[in-house]
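Participant: Below you will find the structure I want to go over with you.
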Amino acid sequence: MFKAVILIGGPQKGTRFRPLSFEVPKPLFPVAGVPMLQHHIEACAKVPNMKEILLVGFYQPNEELNRFLTSVQQEFKISVRYLQEYAALGTGGGIYHFRDQILSGGPEAFFVMNADVCSEFPLPEILHFQKEHGDTHNFVILATTANRKQSLNYGCIVENEQTNEVLHYVEKPSTFVSDIINCGIYLFTPDIFQHIGAVFQKNQQDMLLEEQSNGWHRAEVIRLEQDIFTALAGQGKLYVYKTHHFWSQIKSAGSAIYASRLYLNQYHKTHPERLATNNSHGPKISGNVYIHPTANIDPTAVLGPNVSIGTGVSIGAGVRVRESIILHGAVLQDHSCVLNSIVGWDSTIGKWARVEGTPSDPNPNDPYAKIDSETLFRDGKLTPSITILGCNVNIPAEVIILNSIVLPHKDLNRSFKNQIIL
């Protein structure tokens with residue numbers, strides 16, 4: 001039997017996701033109409049003989065997380081539990097800390113995946129690949145191809161092209177190493193804990209020499225990428241499976257709109273019922289659009305492509321929405337226009353107002369381009385990016401909000417562009 005572990009991080013992570021991560025833990029942010037993590041869980045639940053899914057992170061358990069756990073367990077009929085770390089332990093430290101929970105029941109192998117990636121999650125293919133590579137004690141990294149410049153922002157993998165063995169692994173190199181990059185999705189066997197345990201013991205030894213306080217915690221902070229993969233490369237234990245399916249990181253709010261597009265596109269195959277269609281009494285739909293059944297939308301509105309509309313959203317006459325995420329309870333009044341933006345929970349956009357951002361999409365002419373995780377500022381100016389309205393923001397009628405980030409609970413009274421409105 002198999003298990004899966006999803007690393008969900010914690011409150012100090014996801015800072016690039018503000019102001020949206022103020023309201024909801026980033027892993028529960030809705031992408032293509034469902035919480036980000038649900039896409040992972042759905043893929044895991046489809047793997048035959050998958051017994052349990054464990055979420056590992058250091059969020060305080062909260063109402064929202066508990067509600068999510070209950071609903072996915074009911075929907076996918078599989079045990080989903082949250083294991084809370086006492087502090088941020090890194091990508092390897094968390095699974096080592098909870099190794100007994102992961103190994104209980106004797107799984108032959110387990111998946112480990114980062115919560116902030118969006119992917120087709122080719123999990124059965126990874127299992128098949130592991131079997132094909134003879135020894136079932138091998139570990140597999142899912143990888144994809146990036147362009148040369150962007151590969152420097154990821155973990156880079158040099159492989160033996162005949163056997164797919166990982167010969168060399170470097171996390172975020174300073175010069176070009178390889179265009180094969182780590183997707184943050186792995187298949188491990190219980191043997192991995194010997195390798196993590198060895199690093200833990202070495203860390204402990206180093207701590208004793210330093211005689212630092214809080215040494216135990218520091219010894220438990222272990223990073224899979226730098227501490228484990230770099231050491232395992234070239235030892236005949238680590239293999240790479242390259243996927244040609246879609247993959248992207250979800251680091252910033254702008255990348256959530258892009259991830260939404262990738263998932264909405266996949267819904268044609270996996271969930272056609274989630275995609276809105278044109279009919280005589282509904283709004284005009286162009287391209288892929290997700291509309292929650294509780295949303296109330298005027299038939300003269302035009303939505304799409306790449307739009308997702310949350311619970312209880314109200315959209316007036318003649319409204320135009322494109323490449324945007326509208327979160328629950330938002331109100332878009334008549335003839336307002338929303339492009340490349342995320343409209344926060346319970347926000348209101350007045351009549352004839354325009355809320356617009358600049359898309360941060362990968363270069364469409366480069367098949368291997370990934371989304372750039374832009375810094376917020378460049379050359380002392382705010383980098384033009386998507387517009388984000390935090391929760392409960394009021395935009396008056398007939399104003400323009402362009403390339404701006406508006407923090408929660410603001411009532412604006414004029415137009416803004418290229419600003420963070422505190």
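Following the order of the structure tokens, chains are lettered A, B, ..., residues in each are numbered from 1, and ligands are numbered from 1.
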How close does each residue of stretch 17-52 of chain A get to stretch 251-269 of chain A, giving the shortest atom pair and distance in Å to one decimal for every residue with an atom at most 6 Å away, counting only C-alpha atoms, sorted by chain and residue number, as a tab-separated table?

Facilitator:
```
residue	atom	partner	partner_atom	distance
A:Phe17	CA	A:Ser252	CA	4.9
A:Val31	CA	A:Ser260	CA	5.1
A:Ala32	CA	A:Ser260	CA	4.6
```

Participant: In stretch 234-295 of chain A, what's strand (DSSP E) per DSSP? Answer as a list in words?

Facilitator: Leu238, Tyr239, Val240, Tyr241, Lys242, Trp247, Ser248, Gln249, Lys284, Ile285, Val289, Tyr290 and Ile291 of chain A

Participant: Can you spit out the residues from that selection as a tab-separated table (two decimals), in the first residue's frame, using N, CA and C atoms?

Facilitator:
```
chain	number	residue	atom	x	y	z
A	238	LEU	N	19.01	7.55	-6.78
A	238	LEU	CA	18.06	8.63	-7.07
A	238	LEU	C	17.85	8.70	-8.57
A	239	TYR	N	16.59	8.65	-8.99
A	239	TYR	CA	16.28	8.68	-10.43
A	239	TYR	C	15.36	9.85	-10.73
A	240	VAL	N	15.33	10.23	-12.01
A	240	VAL	CA	14.49	11.37	-12.38
A	240	VAL	C	13.49	10.94	-13.45
A	241	TYR	N	12.21	11.28	-13.20
A	241	TYR	CA	11.16	11.02	-14.20
A	241	TYR	C	10.73	12.36	-14.76
A	242	LYS	N	10.91	12.54	-16.07
A	242	LYS	CA	10.59	13.84	-16.67
A	242	LYS	C	9.15	13.82	-17.20
A	247	TRP	N	3.14	22.12	-15.49
A	247	TRP	CA	3.63	22.25	-14.12
A	247	TRP	C	3.96	23.73	-13.87
A	248	SER	N	3.63	24.23	-12.70
A	248	SER	CA	4.03	25.59	-12.35
A	248	SER	C	4.10	25.71	-10.83
A	249	GLN	N	4.92	26.65	-10.37
A	249	GLN	CA	4.94	26.94	-8.94
A	249	GLN	C	3.85	27.97	-8.65
A	284	LYS	N	-22.63	35.44	-20.91
A	284	LYS	CA	-21.85	34.98	-22.07
A	284	LYS	C	-20.50	34.47	-21.56
A	285	ILE	N	-20.18	33.23	-21.95
A	285	ILE	CA	-18.94	32.61	-21.48
A	285	ILE	C	-17.98	32.50	-22.65
A	289	VAL	N	-14.25	28.89	-17.85
A	289	VAL	CA	-14.75	29.67	-16.71
A	289	VAL	C	-15.34	28.70	-15.68
A	290	TYR	N	-15.01	28.92	-14.40
A	290	TYR	CA	-15.64	28.16	-13.32
A	290	TYR	C	-16.56	29.12	-12.57
A	291	ILE	N	-17.80	28.71	-12.37
A	291	ILE	CA	-18.75	29.55	-11.60
A	291	ILE	C	-19.34	28.69	-10.49
```

Participant: Report the closest atom pair, with its distance in Å rounded to one decimal, for each residue of stretch 85-189 of chain A that has an atom no farther than 7 Å from stretch 5-10 of chain A; count only C-alpha atoms, sort by chain and then rising residue number, and write it as a tab-separated table.

Facilitator:
```
residue	atom	partner	partner_atom	distance
A:Phe111	CA	A:Val5	CA	6.0
A:Val112	CA	A:Val5	CA	4.7
A:Met113	CA	A:Ile6	CA	4.9
A:Asn114	CA	A:Leu7	CA	5.0
A:Ala115	CA	A:Ile8	CA	5.1
```

Participant: Could you tell me which of A:Gln12, A:Gln204, A:Thr243, A:Asn49 comes closest to A:Ser119 if we count only C-alpha atoms?

Facilitator: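 Of all the options, A:Thr243 lies closest to A:Ser119.
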
Participant: Check the smallest atom-to-atom distance from each of A:Lys3, A:Arg414, A:His335, A:His97 to A:Val56 using only C-alpha atoms, then report the winner.

Facilitator: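 Smallest separation from A:Val56 among the options: A:His97.
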
Participant: Contacts of A:Ile309 at 10 Å or less, counting only C-alpha atoms, minus same-chain residues fewer than 5 places along, as a ChimeraX atom specification?

Facilitator: /A:30,32-33,289-297,303,314-315,321,324-330,343

Participant: Given the choices A:Phe229, A:Val170, A:Gly316, A:Asn288, which gets closest to A:His271 if the distance is worked out from only C-alpha atoms?

Facilitator: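 Ranked by minimum distance to A:His271, first place goes to A:Asn288.
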
Participant: From the list A:Asn138, A:Gln333, A:Asn66, A:Ser347, which residue is nearest A:Ile192 when using only C-alpha atoms?

Facilitator: A:Asn138

Participant: Kindly give the distance, in Å, that separates atom CA of A:Ile157 and atom CA of A:Ile181, rounded to a single decimal.

Facilitator: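 Separation of atom CA of A:Ile157 and atom CA of A:Ile181: 5.9 Å.
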
Participant: Would you please give, as a PyMOL selection string, all residues of stretch 258-399 of chain A that DSSP assigns to alpha helix (DSSP H) based on the backbone?

Facilitator: chain A and resi 258-270

Participant: Pull N, CA and C atoms from the residues just selected and write them as a short mmCIF file (atom, residue, chain, number, x, y, z; two decimals), in the first residue's frame.

Facilitator:
```cif
data_model
loop_
_atom_site.label_atom_id
_atom_site.label_comp_id
_atom_site.auth_asym_id
_atom_site.auth_seq_id
_atom_site.Cartn_x
_atom_site.Cartn_y
_atom_site.Cartn_z
N TYR A 258 -2.36 32.16 -13.15
CA TYR A 258 -1.80 31.29 -14.19
C TYR A 258 -2.12 29.82 -13.87
N ALA A 259 -1.96 29.43 -12.60
CA ALA A 259 -2.26 28.05 -12.19
C ALA A 259 -3.74 27.75 -12.44
N SER A 260 -4.59 28.73 -12.16
CA SER A 260 -6.02 28.57 -12.42
C SER A 260 -6.26 28.24 -13.89
N ARG A 261 -5.52 28.95 -14.76
CA ARG A 261 -5.70 28.71 -16.19
C ARG A 261 -5.32 27.27 -16.55
N LEU A 262 -4.20 26.80 -15.98
CA LEU A 262 -3.74 25.44 -16.29
C LEU A 262 -4.76 24.40 -15.81
N TYR A 263 -5.28 24.59 -14.60
CA TYR A 263 -6.25 23.63 -14.07
C TYR A 263 -7.59 23.69 -14.82
N LEU A 264 -8.07 24.92 -15.13
CA LEU A 264 -9.34 25.04 -15.86
C LEU A 264 -9.24 24.31 -17.19
N ASN A 265 -8.07 24.41 -17.81
CA ASN A 265 -7.85 23.75 -19.08
C ASN A 265 -7.90 22.23 -18.92
N GLN A 266 -7.36 21.76 -17.80
CA GLN A 266 -7.36 20.32 -17.52
C GLN A 266 -8.78 19.81 -17.23
N TYR A 267 -9.65 20.68 -16.74
CA TYR A 267 -11.02 20.27 -16.42
C TYR A 267 -11.75 19.69 -17.64
N HIS A 268 -11.36 20.08 -18.86
CA HIS A 268 -12.01 19.50 -20.04
C HIS A 268 -11.92 17.99 -19.99
N LYS A 269 -10.77 17.48 -19.50
CA LYS A 269 -10.58 16.03 -19.40
C LYS A 269 -11.11 15.48 -18.08
N THR A 270 -10.83 16.21 -16.97
CA THR A 270 -11.07 15.59 -15.66
C THR A 270 -12.41 15.99 -15.03
#
```

Participant: Write out as JSON lines the residues of stretch 9-96 of chain A that have any atom within 12 Å of an atom of stretch 375-392 of chain A, one row each with the nearest atom pair and its distance in Å to one decimal, counting only C-alpha atoms, sorted by chain and then rising number.

Facilitator:
```
{"residue": "A:Thr15", "atom": "CA", "partner": "A:Leu376", "partner_atom": "CA", "distance": 11.3}
{"residue": "A:Arg16", "atom": "CA", "partner": "A:Leu376", "partner_atom": "CA", "distance": 8.4}
{"residue": "A:Phe17", "atom": "CA", "partner": "A:Ile388", "partner_atom": "CA", "distance": 10.1}
{"residue": "A:Arg18", "atom": "CA", "partner": "A:Gly390", "partner_atom": "CA", "distance": 8.4}
{"residue": "A:Pro19", "atom": "CA", "partner": "A:Gly390", "partner_atom": "CA", "distance": 5.6}
{"residue": "A:Leu20", "atom": "CA", "partner": "A:Gly390", "partner_atom": "CA", "distance": 6.0}
{"residue": "A:Ser21", "atom": "CA", "partner": "A:Gly390", "partner_atom": "CA", "distance": 9.4}
{"residue": "A:Phe22", "atom": "CA", "partner": "A:Gly390", "partner_atom": "CA", "distance": 8.6}
{"residue": "A:Glu23", "atom": "CA", "partner": "A:Cys391", "partner_atom": "CA", "distance": 7.5}
{"residue": "A:Val24", "atom": "CA", "partner": "A:Cys391", "partner_atom": "CA", "distance": 10.5}
```

Participant: Counting only C-alpha atoms, figure out which residue out of A:Pro362, A:Gly236, A:Pro408, A:Gly57 gets nearest to A:Leu167.

Facilitator: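 The answer is A:Gly236, which sits nearest to A:Leu167.
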
Participant: For stretch 74-87 of chain A, please output as a PDB file with N, CA, C and O atoms, in the first residue's frame all residues within 8 Å (counting only C-alpha atoms; exclusion window: fewer than 5 positions along the same chain).

Facilitator:
```pdb
ATOM      1  N   GLU A  42      -6.874  14.992  -4.740  1.00  0.00           N
ATOM      2  CA  GLU A  42      -7.633  14.278  -5.767  1.00  0.00           C
ATOM      3  C   GLU A  42      -6.710  13.322  -6.541  1.00  0.00           C
ATOM      4  O   GLU A  42      -7.065  12.168  -6.780  1.00  0.00           O
ATOM      5  N   ALA A  45      -5.779  10.373  -4.317  1.00  0.00           N
ATOM      6  CA  ALA A  45      -6.897   9.453  -4.079  1.00  0.00           C
ATOM      7  C   ALA A  45      -7.113   8.524  -5.274  1.00  0.00           C
ATOM      8  O   ALA A  45      -7.695   7.448  -5.133  1.00  0.00           O
ATOM      9  N   LYS A  51      -3.567   4.548   0.978  1.00  0.00           N
ATOM     10  CA  LYS A  51      -4.239   4.355   2.263  1.00  0.00           C
ATOM     11  C   LYS A  51      -4.510   5.657   3.005  1.00  0.00           C
ATOM     12  O   LYS A  51      -5.512   5.804   3.681  1.00  0.00           O
ATOM     13  N   GLU A  52      -3.572   6.600   2.916  1.00  0.00           N
ATOM     14  CA  GLU A  52      -3.690   7.768   3.784  1.00  0.00           C
ATOM     15  C   GLU A  52      -2.906   8.932   3.200  1.00  0.00           C
ATOM     16  O   GLU A  52      -1.871   8.738   2.566  1.00  0.00           O
ATOM     17  N   ILE A  53      -3.422  10.137   3.434  1.00  0.00           N
ATOM     18  CA  ILE A  53      -2.715  11.347   3.007  1.00  0.00           C
ATOM     19  C   ILE A  53      -2.425  12.167   4.266  1.00  0.00           C
ATOM     20  O   ILE A  53      -3.333  12.428   5.065  1.00  0.00           O
ATOM     21  N   LEU A  54      -1.161  12.532   4.453  1.00  0.00           N
ATOM     22  CA  LEU A  54      -0.772  13.297   5.642  1.00  0.00           C
ATOM     23  C   LEU A  54      -0.345  14.702   5.207  1.00  0.00           C
ATOM     24  O   LEU A  54       0.457  14.844   4.281  1.00  0.00           O
ATOM     25  N   LEU A  55      -0.900  15.712   5.846  1.00  0.00           N
ATOM     26  CA  LEU A  55      -0.452  17.085   5.588  1.00  0.00           C
ATOM     27  C   LEU A  55       0.520  17.445   6.704  1.00  0.00           C
ATOM     28  O   LEU A  55       0.205  17.272   7.878  1.00  0.00           O
ATOM     29  N   VAL A  56       1.697  17.926   6.357  1.00  0.00           N
ATOM     30  CA  VAL A  56       2.696  18.280   7.368  1.00  0.00           C
ATOM     31  C   VAL A  56       3.009  19.764   7.240  1.00  0.00           C
ATOM     32  O   VAL A  56       3.312  20.255   6.146  1.00  0.00           O
ATOM     33  N   GLY A  57       2.911  20.494   8.350  1.00  0.00           N
ATOM     34  CA  GLY A  57       3.208  21.927   8.316  1.00  0.00           C
ATOM     35  C   GLY A  57       3.200  22.484   9.716  1.00  0.00           C
ATOM     36  O   GLY A  57       3.063  21.744  10.691  1.00  0.00           O
ATOM     37  N   PHE A  58       3.339  23.815   9.834  1.00  0.00           N
ATOM     38  CA  PHE A  58       3.337  24.383  11.183  1.00  0.00           C
ATOM     39  C   PHE A  58       2.297  25.483  11.340  1.00  0.00           C
ATOM     40  O   PHE A  58       2.456  26.413  12.107  1.00  0.00           O
ATOM     41  N   TYR A  59       1.185  25.351  10.608  1.00  0.00           N
ATOM     42  CA  TYR A  59       0.020  26.202  10.890  1.00  0.00           C
ATOM     43  C   TYR A  59      -0.625  25.716  12.181  1.00  0.00           C
ATOM     44  O   TYR A  59      -0.678  24.508  12.422  1.00  0.00           O
ATOM     45  N   GLN A  60      -1.136  26.663  12.976  1.00  0.00           N
ATOM     46  CA  GLN A  60      -1.981  26.254  14.102  1.00  0.00           C
ATOM     47  C   GLN A  60      -3.244  25.635  13.496  1.00  0.00           C
ATOM     48  O   GLN A  60      -3.788  26.184  12.547  1.00  0.00           O
ATOM     49  N   PRO A  61      -3.703  24.501  14.048  1.00  0.00           N
ATOM     50  CA  PRO A  61      -4.943  23.938  13.493  1.00  0.00           C
ATOM     51  C   PRO A  61      -6.047  24.982  13.637  1.00  0.00           C
ATOM     52  O   PRO A  61      -6.167  25.611  14.688  1.00  0.00           O
ATOM     53  N   LEU A  69     -10.360  19.408   5.939  1.00  0.00           N
ATOM     54  CA  LEU A  69     -10.029  17.993   6.157  1.00  0.00           C
ATOM     55  C   LEU A  69     -11.297  17.139   6.147  1.00  0.00           C
ATOM     56  O   LEU A  69     -11.352  16.087   5.514  1.00  0.00           O
ATOM     57  N   GLY A  94      10.522  17.764   8.475  1.00  0.00           N
ATOM     58  CA  GLY A  94       9.115  17.493   8.799  1.00  0.00           C
ATOM     59  C   GLY A  94       8.780  16.024   8.632  1.00  0.00           C
ATOM     60  O   GLY A  94       8.179  15.411   9.509  1.00  0.00           O
ATOM     61  N   HIS A  97      10.603  13.955  11.325  1.00  0.00           N
ATOM     62  CA  HIS A  97       9.974  14.128  12.639  1.00  0.00           C
ATOM     63  C   HIS A  97       8.764  13.199  12.782  1.00  0.00           C
ATOM     64  O   HIS A  97       8.512  12.639  13.850  1.00  0.00           O
ATOM     65  N   PHE A  98       7.998  13.052  11.682  1.00  0.00           N
ATOM     66  CA  PHE A  98       6.772  12.234  11.734  1.00  0.00           C
ATOM     67  C   PHE A  98       6.970  10.880  11.054  1.00  0.00           C
ATOM     68  O   PHE A  98       6.012  10.296  10.539  1.00  0.00           O
ATOM     69  N   HIS A 217      16.313  21.606  18.037  1.00  0.00           N
ATOM     70  CA  HIS A 217      15.520  22.125  16.921  1.00  0.00           C
ATOM     71  C   HIS A 217      16.407  22.335  15.702  1.00  0.00           C
ATOM     72  O   HIS A 217      16.101  21.907  14.595  1.00  0.00           O
TER      73      HIS A 217
END
```

Participant: As a PDB file with all heavy atoms, in the first residue's frame, please: the residues near A:Phe188 (cut-off 7 Å, only C-alpha atoms, same-chain neighbours under 2 positions excluded).

Facilitator:
```pdb
ATOM      1  N   ALA A 109       5.886   2.358  -0.279  1.00  0.00           N
ATOM      2  CA  ALA A 109       6.485   3.607  -0.759  1.00  0.00           C
ATOM      3  C   ALA A 109       5.520   4.734  -0.425  1.00  0.00           C
ATOM      4  O   ALA A 109       4.351   4.498  -0.118  1.00  0.00           O
ATOM      5  CB  ALA A 109       6.705   3.535  -2.264  1.00  0.00           C
ATOM      6  N   PHE A 110       6.014   5.959  -0.469  1.00  0.00           N
ATOM      7  CA  PHE A 110       5.118   7.098  -0.221  1.00  0.00           C
ATOM      8  C   PHE A 110       5.554   8.284  -1.084  1.00  0.00           C
ATOM      9  O   PHE A 110       6.727   8.466  -1.373  1.00  0.00           O
ATOM     10  CB  PHE A 110       5.075   7.466   1.268  1.00  0.00           C
ATOM     11  CG  PHE A 110       6.409   7.848   1.863  1.00  0.00           C
ATOM     12  CD1 PHE A 110       6.799   9.178   1.962  1.00  0.00           C
ATOM     13  CD2 PHE A 110       7.284   6.868   2.335  1.00  0.00           C
ATOM     14  CE1 PHE A 110       8.022   9.530   2.515  1.00  0.00           C
ATOM     15  CE2 PHE A 110       8.510   7.207   2.885  1.00  0.00           C
ATOM     16  CZ  PHE A 110       8.882   8.550   2.978  1.00  0.00           C
ATOM     17  N   PHE A 111       4.539   9.045  -1.512  1.00  0.00           N
ATOM     18  CA  PHE A 111       4.803  10.277  -2.260  1.00  0.00           C
ATOM     19  C   PHE A 111       5.039  11.415  -1.285  1.00  0.00           C
ATOM     20  O   PHE A 111       4.434  11.443  -0.207  1.00  0.00           O
ATOM     21  CB  PHE A 111       3.609  10.629  -3.147  1.00  0.00           C
ATOM     22  CG  PHE A 111       3.425   9.701  -4.303  1.00  0.00           C
ATOM     23  CD1 PHE A 111       2.518   8.658  -4.243  1.00  0.00           C
ATOM     24  CD2 PHE A 111       4.172   9.870  -5.459  1.00  0.00           C
ATOM     25  CE1 PHE A 111       2.352   7.794  -5.314  1.00  0.00           C
ATOM     26  CE2 PHE A 111       4.024   9.012  -6.539  1.00  0.00           C
ATOM     27  CZ  PHE A 111       3.112   7.970  -6.466  1.00  0.00           C
ATOM     28  N   PHE A 139      14.660   6.016  -5.265  1.00  0.00           N
ATOM     29  CA  PHE A 139      13.825   7.200  -5.037  1.00  0.00           C
ATOM     30  C   PHE A 139      13.669   7.923  -6.372  1.00  0.00           C
ATOM     31  O   PHE A 139      14.599   7.922  -7.184  1.00  0.00           O
ATOM     32  CB  PHE A 139      14.496   8.135  -4.025  1.00  0.00           C
ATOM     33  CG  PHE A 139      15.003   7.417  -2.799  1.00  0.00           C
ATOM     34  CD1 PHE A 139      16.313   7.599  -2.365  1.00  0.00           C
ATOM     35  CD2 PHE A 139      14.183   6.548  -2.095  1.00  0.00           C
ATOM     36  CE1 PHE A 139      16.789   6.924  -1.240  1.00  0.00           C
ATOM     37  CE2 PHE A 139      14.651   5.879  -0.973  1.00  0.00           C
ATOM     38  CZ  PHE A 139      15.954   6.062  -0.542  1.00  0.00           C
ATOM     39  N   VAL A 140      12.501   8.538  -6.578  1.00  0.00           N
ATOM     40  CA  VAL A 140      12.250   9.208  -7.857  1.00  0.00           C
ATOM     41  C   VAL A 140      11.887  10.678  -7.622  1.00  0.00           C
ATOM     42  O   VAL A 140      11.083  10.995  -6.744  1.00  0.00           O
ATOM     43  CB  VAL A 140      11.092   8.523  -8.630  1.00  0.00           C
ATOM     44  CG1 VAL A 140      10.904   9.176  -9.998  1.00  0.00           C
ATOM     45  CG2 VAL A 140      11.354   7.031  -8.792  1.00  0.00           C
ATOM     46  N   TYR A 186       7.902  13.844  -5.204  1.00  0.00           N
ATOM     47  CA  TYR A 186       8.873  12.751  -5.081  1.00  0.00           C
ATOM     48  C   TYR A 186       8.179  11.450  -4.718  1.00  0.00           C
ATOM     49  O   TYR A 186       7.106  11.463  -4.108  1.00  0.00           O
ATOM     50  CB  TYR A 186       9.894  13.049  -3.957  1.00  0.00           C
ATOM     51  CG  TYR A 186      10.379  14.481  -3.944  1.00  0.00           C
ATOM     52  CD1 TYR A 186      10.060  15.343  -2.874  1.00  0.00           C
ATOM     53  CD2 TYR A 186      11.119  14.991  -5.000  1.00  0.00           C
ATOM     54  CE1 TYR A 186      10.486  16.662  -2.869  1.00  0.00           C
ATOM     55  CE2 TYR A 186      11.548  16.316  -5.009  1.00  0.00           C
ATOM     56  CZ  TYR A 186      11.226  17.148  -3.943  1.00  0.00           C
ATOM     57  OH  TYR A 186      11.634  18.453  -3.955  1.00  0.00           O
ATOM     58  N   PRO A 190      10.709   3.635   2.362  1.00  0.00           N
ATOM     59  CA  PRO A 190      11.087   3.882   3.760  1.00  0.00           C
ATOM     60  C   PRO A 190      12.595   4.060   3.960  1.00  0.00           C
ATOM     61  O   PRO A 190      13.023   4.686   4.933  1.00  0.00           O
ATOM     62  CB  PRO A 190      10.558   2.642   4.487  1.00  0.00           C
ATOM     63  CG  PRO A 190       9.359   2.234   3.676  1.00  0.00           C
ATOM     64  CD  PRO A 190       9.744   2.503   2.248  1.00  0.00           C
ATOM     65  N   ILE A 192      14.495   6.072   2.693  1.00  0.00           N
ATOM     66  CA  ILE A 192      14.920   7.488   2.676  1.00  0.00           C
ATOM     67  C   ILE A 192      15.241   7.946   4.095  1.00  0.00           C
ATOM     68  O   ILE A 192      16.099   8.797   4.314  1.00  0.00           O
ATOM     69  CB  ILE A 192      13.851   8.396   2.026  1.00  0.00           C
ATOM     70  CG1 ILE A 192      14.397   9.803   1.730  1.00  0.00           C
ATOM     71  CG2 ILE A 192      12.614   8.563   2.902  1.00  0.00           C
ATOM     72  CD1 ILE A 192      15.300   9.900   0.547  1.00  0.00           C
TER      73      ILE A 192
END
```

Participant: I want to know what sits within 8 Å of A:Asn394, based on only C-alpha atoms, with residues of the same chain fewer than 2 positions away left out; could you give that as a list in words?

Facilitator: Ser347, Thr348, Ile349, Gly350, Asn392, Pro396, His409, Lys410, Asp411 and Leu412 of chain A

Participant: In Å, rounded to a single decimal, give me how far atom CA of A:Gln150 is from atom CA of A:Asp366.

Facilitator: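 Taking atom CA of A:Asp366 as the start and atom CA of A:Gln150 as the end point, the length is 11.6 Å.
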